[in-house]
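Here's query.pdb, which has PDB, N, CA and C atoms:
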```pdb
MODEL        1
ATOM      1  N   MET A 798      21.411  60.270 -11.167  1.00  0.00           N
ATOM      2  CA  MET A 798      20.718  59.018 -11.421  1.00  0.00           C
ATOM      3  C   MET A 798      19.551  58.871 -10.452  1.00  0.00           C
ATOM      4  N   THR A 799      18.466  58.421 -10.975  1.00  0.00           N
ATOM      5  CA  THR A 799      17.307  58.169 -10.114  1.00  0.00           C
ATOM      6  C   THR A 799      17.202  56.678  -9.851  1.00  0.00           C
ATOM      7  N   LYS A 800      16.774  56.394  -8.673  1.00  0.00           N
ATOM      8  CA  LYS A 800      16.652  54.990  -8.287  1.00  0.00           C
ATOM      9  C   LYS A 800      15.249  54.505  -8.623  1.00  0.00           C
ATOM     10  N   ASP A 801      15.171  53.437  -9.418  1.00  0.00           N
ATOM     11  CA  ASP A 801      13.867  52.878  -9.768  1.00  0.00           C
ATOM     12  C   ASP A 801      13.299  52.133  -8.570  1.00  0.00           C
ATOM     13  N   LYS A 802      11.995  52.205  -8.460  1.00  0.00           N
ATOM     14  CA  LYS A 802      11.329  51.464  -7.388  1.00  0.00           C
ATOM     15  C   LYS A 802      11.409  49.980  -7.700  1.00  0.00           C
ATOM     16  N   GLU A 803      11.558  49.202  -6.641  1.00  0.00           N
ATOM     17  CA  GLU A 803      11.601  47.757  -6.833  1.00  0.00           C
ATOM     18  C   GLU A 803      10.245  47.276  -7.309  1.00  0.00           C
ATOM     19  N   LYS A 804      10.281  46.404  -8.282  1.00  0.00           N
ATOM     20  CA  LYS A 804       9.021  45.869  -8.810  1.00  0.00           C
ATOM     21  C   LYS A 804       8.645  44.635  -8.011  1.00  0.00           C
ATOM     22  N   LYS A 805       7.563  44.762  -7.275  1.00  0.00           N
ATOM     23  CA  LYS A 805       7.060  43.630  -6.502  1.00  0.00           C
ATOM     24  C   LYS A 805       5.724  43.219  -7.093  1.00  0.00           C
ATOM     25  N   PRO A 806       5.601  41.937  -7.432  1.00  0.00           N
ATOM     26  CA  PRO A 806       4.303  41.506  -7.963  1.00  0.00           C
ATOM     27  C   PRO A 806       3.231  41.530  -6.873  1.00  0.00           C
ATOM     28  N   ASN A 807       2.052  41.946  -7.235  1.00  0.00           N
ATOM     29  CA  ASN A 807       0.948  41.964  -6.279  1.00  0.00           C
ATOM     30  C   ASN A 807       0.413  40.553  -6.108  1.00  0.00           C
ATOM     31  N   ASP A 808       0.456  40.067  -4.869  1.00  0.00           N
ATOM     32  CA  ASP A 808      -0.089  38.748  -4.595  1.00  0.00           C
ATOM     33  C   ASP A 808      -1.603  38.827  -4.551  1.00  0.00           C
ATOM     34  N   GLU A 809      -2.231  37.858  -5.173  1.00  0.00           N
ATOM     35  CA  GLU A 809      -3.684  37.802  -5.100  1.00  0.00           C
ATOM     36  C   GLU A 809      -4.070  37.258  -3.732  1.00  0.00           C
ATOM     37  N   VAL A 810      -5.141  37.770  -3.195  1.00  0.00           N
ATOM     38  CA  VAL A 810      -5.600  37.356  -1.872  1.00  0.00           C
ATOM     39  C   VAL A 810      -6.850  36.518  -2.035  1.00  0.00           C
ATOM     40  N   ILE A 811      -6.862  35.367  -1.376  1.00  0.00           N
ATOM     41  CA  ILE A 811      -8.022  34.482  -1.389  1.00  0.00           C
ATOM     42  C   ILE A 811      -8.746  34.674  -0.053  1.00  0.00           C
ATOM     43  N   ILE A 812     -10.022  34.974  -0.121  1.00  0.00           N
ATOM     44  CA  ILE A 812     -10.819  35.218   1.074  1.00  0.00           C
ATOM     45  C   ILE A 812     -11.837  34.088   1.221  1.00  0.00           C
ATOM     46  N   CYS A 813     -11.801  33.416   2.368  1.00  0.00           N
ATOM     47  CA  CYS A 813     -12.774  32.369   2.672  1.00  0.00           C
ATOM     48  C   CYS A 813     -13.660  32.876   3.805  1.00  0.00           C
ATOM     49  N   THR A 814     -14.967  32.759   3.635  1.00  0.00           N
ATOM     50  CA  THR A 814     -15.920  33.244   4.633  1.00  0.00           C
ATOM     51  C   THR A 814     -16.924  32.139   4.945  1.00  0.00           C
ATOM     52  N   ASP A 815     -17.305  32.016   6.213  1.00  0.00           N
ATOM     53  CA  ASP A 815     -18.348  31.054   6.571  1.00  0.00           C
ATOM     54  C   ASP A 815     -19.603  31.799   7.013  1.00  0.00           C
ATOM     55  N   ASP A 816     -20.626  31.047   7.415  1.00  0.00           N
ATOM     56  CA  ASP A 816     -21.917  31.638   7.783  1.00  0.00           C
ATOM     57  C   ASP A 816     -21.832  32.504   9.045  1.00  0.00           C
ATOM     58  N   ALA A 817     -20.891  32.196   9.927  1.00  0.00           N
ATOM     59  CA  ALA A 817     -20.771  32.945  11.181  1.00  0.00           C
ATOM     60  C   ALA A 817     -20.037  34.272  10.986  1.00  0.00           C
ATOM     61  N   GLY A 818     -19.489  34.502   9.828  1.00  0.00           N
ATOM     62  CA  GLY A 818     -18.789  35.752   9.560  1.00  0.00           C
ATOM     63  C   GLY A 818     -17.292  35.674   9.745  1.00  0.00           C
ATOM     64  N   MET A 819     -16.766  34.494  10.057  1.00  0.00           N
ATOM     65  CA  MET A 819     -15.317  34.342  10.186  1.00  0.00           C
ATOM     66  C   MET A 819     -14.691  34.437   8.805  1.00  0.00           C
ATOM     67  N   GLN A 820     -13.608  35.167   8.700  1.00  0.00           N
ATOM     68  CA  GLN A 820     -12.947  35.337   7.414  1.00  0.00           C
ATOM     69  C   GLN A 820     -11.490  34.925   7.518  1.00  0.00           C
ATOM     70  N   LEU A 821     -10.986  34.336   6.456  1.00  0.00           N
ATOM     71  CA  LEU A 821      -9.602  33.901   6.382  1.00  0.00           C
ATOM     72  C   LEU A 821      -8.999  34.495   5.124  1.00  0.00           C
ATOM     73  N   TYR A 822      -7.966  35.278   5.294  1.00  0.00           N
ATOM     74  CA  TYR A 822      -7.296  35.917   4.158  1.00  0.00           C
ATOM     75  C   TYR A 822      -5.981  35.192   3.908  1.00  0.00           C
ATOM     76  N   LEU A 823      -5.814  34.640   2.721  1.00  0.00           N
ATOM     77  CA  LEU A 823      -4.590  33.940   2.366  1.00  0.00           C
ATOM     78  C   LEU A 823      -4.052  34.477   1.054  1.00  0.00           C
ATOM     79  N   SER A 824      -2.746  34.580   0.967  1.00  0.00           N
ATOM     80  CA  SER A 824      -2.159  34.900  -0.326  1.00  0.00           C
ATOM     81  C   SER A 824      -2.217  33.640  -1.188  1.00  0.00           C
ATOM     82  N   GLU A 825      -2.003  33.804  -2.464  1.00  0.00           N
ATOM     83  CA  GLU A 825      -2.061  32.657  -3.366  1.00  0.00           C
ATOM     84  C   GLU A 825      -0.987  31.637  -3.002  1.00  0.00           C
ATOM     85  N   LYS A 826       0.182  32.113  -2.593  1.00  0.00           N
ATOM     86  CA  LYS A 826       1.281  31.220  -2.216  1.00  0.00           C
ATOM     87  C   LYS A 826       0.931  30.433  -0.952  1.00  0.00           C
ATOM     88  N   ALA A 827       0.340  31.116   0.030  1.00  0.00           N
ATOM     89  CA  ALA A 827      -0.043  30.448   1.278  1.00  0.00           C
ATOM     90  C   ALA A 827      -1.158  29.439   1.036  1.00  0.00           C
ATOM     91  N   ALA A 828      -2.103  29.773   0.168  1.00  0.00           N
ATOM     92  CA  ALA A 828      -3.191  28.841  -0.136  1.00  0.00           C
ATOM     93  C   ALA A 828      -2.655  27.605  -0.849  1.00  0.00           C
ATOM     94  N   ASN A 829      -1.669  27.796  -1.713  1.00  0.00           N
ATOM     95  CA  ASN A 829      -1.067  26.663  -2.407  1.00  0.00           C
ATOM     96  C   ASN A 829      -0.340  25.752  -1.426  1.00  0.00           C
ATOM     97  N   ARG A 830       0.405  26.343  -0.499  1.00  0.00           N
ATOM     98  CA  ARG A 830       1.100  25.532   0.508  1.00  0.00           C
ATOM     99  C   ARG A 830       0.118  24.787   1.394  1.00  0.00           C
ATOM    100  N   LEU A 831      -0.945  25.466   1.795  1.00  0.00           N
ATOM    101  CA  LEU A 831      -1.955  24.843   2.646  1.00  0.00           C
ATOM    102  C   LEU A 831      -2.622  23.668   1.937  1.00  0.00           C
ATOM    103  N   SER A 832      -2.878  23.818   0.645  1.00  0.00           N
ATOM    104  CA  SER A 832      -3.503  22.726  -0.094  1.00  0.00           C
ATOM    105  C   SER A 832      -2.573  21.515  -0.178  1.00  0.00           C
ATOM    106  N   TRP A 833      -1.268  21.744  -0.345  1.00  0.00           N
ATOM    107  CA  TRP A 833      -0.326  20.620  -0.382  1.00  0.00           C
ATOM    108  C   TRP A 833      -0.216  19.949   0.986  1.00  0.00           C
ATOM    109  N   ILE A 834      -0.237  20.737   2.048  1.00  0.00           N
ATOM    110  CA  ILE A 834      -0.174  20.157   3.397  1.00  0.00           C
ATOM    111  C   ILE A 834      -1.402  19.307   3.672  1.00  0.00           C
ATOM    112  N   LEU A 835      -2.590  19.833   3.334  1.00  0.00           N
ATOM    113  CA  LEU A 835      -3.822  19.061   3.561  1.00  0.00           C
ATOM    114  C   LEU A 835      -3.865  17.816   2.689  1.00  0.00           C
ATOM    115  N   THR A 836      -3.356  17.900   1.471  1.00  0.00           N
ATOM    116  CA  THR A 836      -3.292  16.722   0.604  1.00  0.00           C
ATOM    117  C   THR A 836      -2.378  15.667   1.213  1.00  0.00           C
ATOM    118  N   GLY A 837      -1.232  16.088   1.734  1.00  0.00           N
ATOM    119  CA  GLY A 837      -0.308  15.149   2.377  1.00  0.00           C
ATOM    120  C   GLY A 837      -0.919  14.478   3.596  1.00  0.00           C
ATOM    121  N   ILE A 838      -1.657  15.249   4.388  1.00  0.00           N
ATOM    122  CA  ILE A 838      -2.312  14.671   5.564  1.00  0.00           C
ATOM    123  C   ILE A 838      -3.336  13.624   5.142  1.00  0.00           C
ATOM    124  N   MET A 839      -4.105  13.919   4.099  1.00  0.00           N
ATOM    125  CA  MET A 839      -5.106  12.957   3.635  1.00  0.00           C
ATOM    126  C   MET A 839      -4.446  11.685   3.087  1.00  0.00           C
ATOM    127  N   VAL A 840      -3.313  11.822   2.422  1.00  0.00           N
ATOM    128  CA  VAL A 840      -2.593  10.643   1.911  1.00  0.00           C
ATOM    129  C   VAL A 840      -2.105   9.784   3.066  1.00  0.00           C
ATOM    130  N   VAL A 841      -1.538  10.420   4.090  1.00  0.00           N
ATOM    131  CA  VAL A 841      -1.034   9.674   5.249  1.00  0.00           C
ATOM    132  C   VAL A 841      -2.183   8.981   5.978  1.00  0.00           C
ATOM    133  N   LEU A 842      -3.324   9.645   6.094  1.00  0.00           N
ATOM    134  CA  LEU A 842      -4.464   9.033   6.783  1.00  0.00           C
ATOM    135  C   LEU A 842      -5.072   7.881   5.988  1.00  0.00           C
ATOM    136  N   SER A 843      -5.026   7.942   4.670  1.00  0.00           N
ATOM    137  CA  SER A 843      -5.613   6.867   3.863  1.00  0.00           C
ATOM    138  C   SER A 843      -4.621   5.752   3.547  1.00  0.00           C
ATOM    139  N   LEU A 844      -3.363   5.945   3.881  1.00  0.00           N
ATOM    140  CA  LEU A 844      -2.348   4.935   3.593  1.00  0.00           C
ATOM    141  C   LEU A 844      -2.627   3.589   4.264  1.00  0.00           C
ATOM    142  N   PRO A 845      -3.043   3.522   5.539  1.00  0.00           N
ATOM    143  CA  PRO A 845      -3.336   2.211   6.136  1.00  0.00           C
ATOM    144  C   PRO A 845      -4.449   1.450   5.409  1.00  0.00           C
ATOM    145  N   VAL A 846      -5.423   2.159   4.894  1.00  0.00           N
ATOM    146  CA  VAL A 846      -6.507   1.499   4.158  1.00  0.00           C
ATOM    147  C   VAL A 846      -5.962   0.873   2.877  1.00  0.00           C
ATOM    148  N   ILE A 847      -5.090   1.572   2.197  1.00  0.00           N
ATOM    149  CA  ILE A 847      -4.499   1.046   0.957  1.00  0.00           C
ATOM    150  C   ILE A 847      -3.609  -0.149   1.266  1.00  0.00           C
ATOM    151  N   ILE A 848      -2.823  -0.061   2.336  1.00  0.00           N
ATOM    152  CA  ILE A 848      -1.953  -1.175   2.708  1.00  0.00           C
ATOM    153  C   ILE A 848      -2.784  -2.405   3.070  1.00  0.00           C
ATOM    154  N   LEU A 849      -3.861  -2.236   3.836  1.00  0.00           N
ATOM    155  CA  LEU A 849      -4.713  -3.366   4.190  1.00  0.00           C
ATOM    156  C   LEU A 849      -5.367  -3.983   2.966  1.00  0.00           C
ATOM    157  N   ALA A 850      -5.729  -3.174   1.987  1.00  0.00           N
ATOM    158  CA  ALA A 850      -6.337  -3.705   0.775  1.00  0.00           C
ATOM    159  C   ALA A 850      -5.354  -4.600   0.027  1.00  0.00           C
ATOM    160  N   PHE A 851      -4.077  -4.217  -0.043  1.00  0.00           N
ATOM    161  CA  PHE A 851      -3.101  -5.040  -0.735  1.00  0.00           C
ATOM    162  C   PHE A 851      -2.698  -6.257   0.085  1.00  0.00           C
ATOM    163  N   MET A 852      -2.773  -6.180   1.409  1.00  0.00           N
ATOM    164  CA  MET A 852      -2.420  -7.323   2.250  1.00  0.00           C
ATOM    165  C   MET A 852      -3.481  -8.403   2.181  1.00  0.00           C
ATOM    166  N   SER A 853      -4.712  -8.046   1.876  1.00  0.00           N
ATOM    167  CA  SER A 853      -5.791  -9.034   1.857  1.00  0.00           C
ATOM    168  C   SER A 853      -5.861  -9.798   0.538  1.00  0.00           C
ATOM    169  N   ILE A 854      -5.049  -9.432  -0.448  1.00  0.00           N
ATOM    170  CA  ILE A 854      -5.078 -10.135  -1.749  1.00  0.00           C
ATOM    171  C   ILE A 854      -4.372 -11.461  -1.638  1.00  0.00           C
TER
ENDMDL
END
```
What does the file become when written as structure tokens?
Amino acid sequence: MTKDKEKKPNDEVIICTDDAGMQLYLSEKAANRLSWILTGIMVVLSLPVIILAFMSI
């Protein structure tokens, strides 16, 4: 019997580059997690503004 190689899906790599030449390599999974973390931070930071808007009614 021959052993089949494990099938691993190839993760796509997202490359972000700025003008200074700094590069950031992220897998699709890592980029998705990072986007959710940044979204959560923005929600937490904007929450006081939303609360103040409802308190002033």
Hits from the PyMOL selection byres ((chain A and resi 825) around 6.5), listed as an MDAnalysis selection string: chainID A and resid 808:811 823:824 826:830
Include N, CA and C atoms and write out the residues we just selected as a short mmCIF file (atom, residue, chain, number, x, y, z; two decimals), in the frame of the given file.
```
data_model
loop_
_atom_site.label_atom_id
_atom_site.label_comp_id
_atom_site.auth_asym_id
_atom_site.auth_seq_id
_atom_site.Cartn_x
_atom_site.Cartn_y
_atom_site.Cartn_z
N ASP A 808 0.46 40.07 -4.87
CA ASP A 808 -0.09 38.75 -4.60
C ASP A 808 -1.60 38.83 -4.55
N GLU A 809 -2.23 37.86 -5.17
CA GLU A 809 -3.68 37.80 -5.10
C GLU A 809 -4.07 37.26 -3.73
N VAL A 810 -5.14 37.77 -3.20
CA VAL A 810 -5.60 37.36 -1.87
C VAL A 810 -6.85 36.52 -2.04
N ILE A 811 -6.86 35.37 -1.38
CA ILE A 811 -8.02 34.48 -1.39
C ILE A 811 -8.75 34.67 -0.05
N LEU A 823 -5.81 34.64 2.72
CA LEU A 823 -4.59 33.94 2.37
C LEU A 823 -4.05 34.48 1.05
N SER A 824 -2.75 34.58 0.97
CA SER A 824 -2.16 34.90 -0.33
C SER A 824 -2.22 33.64 -1.19
N LYS A 826 0.18 32.11 -2.59
CA LYS A 826 1.28 31.22 -2.22
C LYS A 826 0.93 30.43 -0.95
N ALA A 827 0.34 31.12 0.03
CA ALA A 827 -0.04 30.45 1.28
C ALA A 827 -1.16 29.44 1.04
N ALA A 828 -2.10 29.77 0.17
CA ALA A 828 -3.19 28.84 -0.14
C ALA A 828 -2.66 27.60 -0.85
N ASN A 829 -1.67 27.80 -1.71
CA ASN A 829 -1.07 26.66 -2.41
C ASN A 829 -0.34 25.75 -1.43
N ARG A 830 0.40 26.34 -0.50
CA ARG A 830 1.10 25.53 0.51
C ARG A 830 0.12 24.79 1.39
#
```
What separates atom C of Val846 in chain A and CA of Trp833 in chain A is a distance of 20.8 Å
Report, as lines of an AutoDock Vina configuration file, the axis-aligned box around all atoms of range 813-829 of chain A present in the file, extended by 4 Å on each side; give centre and edge lengths in Å to one decimal place.
```
center_x = -10.3
center_y = 30.8
center_z = 3.9
size_x = 31.2
size_y = 18.2
size_z = 22.5
```
One number please: CA of Gly818 in chain A to CA of Ser832 in chain A, in Å, one decimal. 22.3 Å
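Between CA of Leu835 in chain A and CA of Ala850 in chain A lies a distance of 23.1 Å.
Within chain A, DSSP run on the backbone puts these residues in strand (DSSP E or B): Val810, Ile811, Ile812, Cys813, Thr814, Gln820, Leu821, Tyr822, Leu823 and Ser824 of chain A.
Of the residues in range 806-854 of chain A, those that DSSP places in helix (DSSP H, G or I) on the basis of the backbone are A:Glu825, A:Lys826, A:Ala827, A:Ala828, A:Asn829, A:Arg830, A:Leu831, A:Ser832, A:Trp833, A:Ile834, A:Leu835, A:Thr836, A:Gly837, A:Ile838, A:Met839, A:Val840, A:Val841, A:Leu842, A:Ser843, A:Leu844, A:Pro845, A:Val846, A:Ile847, A:Ile848, A:Leu849, A:Ala850, A:Phe851, A:Met852.
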Can you take range 802-854 of chain A from the block and write C-alpha atoms as a short mmCIF file (atom, residue, chain, number, x, y, z; two decimals), in the first residue's frame?
```cif
data_model
loop_
_atom_site.label_atom_id
_atom_site.label_comp_id
_atom_site.auth_asym_id
_atom_site.auth_seq_id
_atom_site.Cartn_x
_atom_site.Cartn_y
_atom_site.Cartn_z
CA LYS A 802 0.18 12.70 0.50
CA GLU A 803 -1.96 14.82 2.75
CA LYS A 804 -3.96 17.33 0.79
CA LYS A 805 -3.33 20.78 2.16
CA PRO A 806 -5.08 23.71 0.54
CA ASN A 807 -2.75 26.46 -0.59
CA ASP A 808 -3.44 29.61 1.38
CA GLU A 809 -3.53 32.75 -0.67
CA VAL A 810 -1.07 35.38 0.50
CA ILE A 811 -2.03 39.04 0.69
CA ILE A 812 0.89 41.43 0.28
CA CYS A 813 0.62 45.03 1.47
CA THR A 814 3.37 47.46 0.45
CA ASP A 815 3.89 51.14 1.28
CA ASP A 816 6.02 53.85 -0.35
CA ALA A 817 9.00 53.17 1.95
CA GLY A 818 9.22 49.57 0.78
CA MET A 819 7.86 47.93 3.92
CA GLN A 820 5.97 44.76 3.08
CA LEU A 821 3.45 42.77 5.08
CA TYR A 822 2.65 39.21 4.07
CA LEU A 823 -0.61 37.81 5.45
CA SER A 824 -2.47 34.64 4.71
CA GLU A 825 -6.13 35.02 3.83
CA LYS A 826 -7.11 33.65 7.25
CA ALA A 827 -4.83 36.09 9.09
CA ALA A 828 -6.11 39.03 7.03
CA ASN A 829 -9.68 38.05 7.83
CA ARG A 830 -8.93 37.88 11.56
CA LEU A 831 -7.11 41.21 11.44
CA SER A 832 -10.06 42.86 9.71
CA TRP A 833 -12.46 41.59 12.40
CA ILE A 834 -10.14 42.82 15.17
CA LEU A 835 -9.84 46.28 13.60
CA THR A 836 -13.61 46.41 13.08
CA GLY A 837 -14.15 45.56 16.75
CA ILE A 838 -11.72 48.26 17.85
CA MET A 839 -13.52 50.85 15.71
CA VAL A 840 -16.90 49.81 17.17
CA VAL A 841 -15.58 50.13 20.73
CA LEU A 842 -14.07 53.55 19.97
CA SER A 843 -17.28 54.86 18.39
CA LEU A 844 -19.57 53.44 21.07
CA PRO A 845 -19.34 56.50 23.39
CA VAL A 846 -20.41 58.77 20.53
CA ILE A 847 -23.47 56.61 19.86
CA ILE A 848 -24.35 56.47 23.56
CA LEU A 849 -24.07 60.27 23.89
CA ALA A 850 -26.29 60.74 20.85
CA PHE A 851 -29.05 58.63 22.43
CA MET A 852 -28.64 60.29 25.84
CA SER A 853 -29.21 63.75 24.36
CA ILE A 854 -32.66 62.83 22.95
#
```
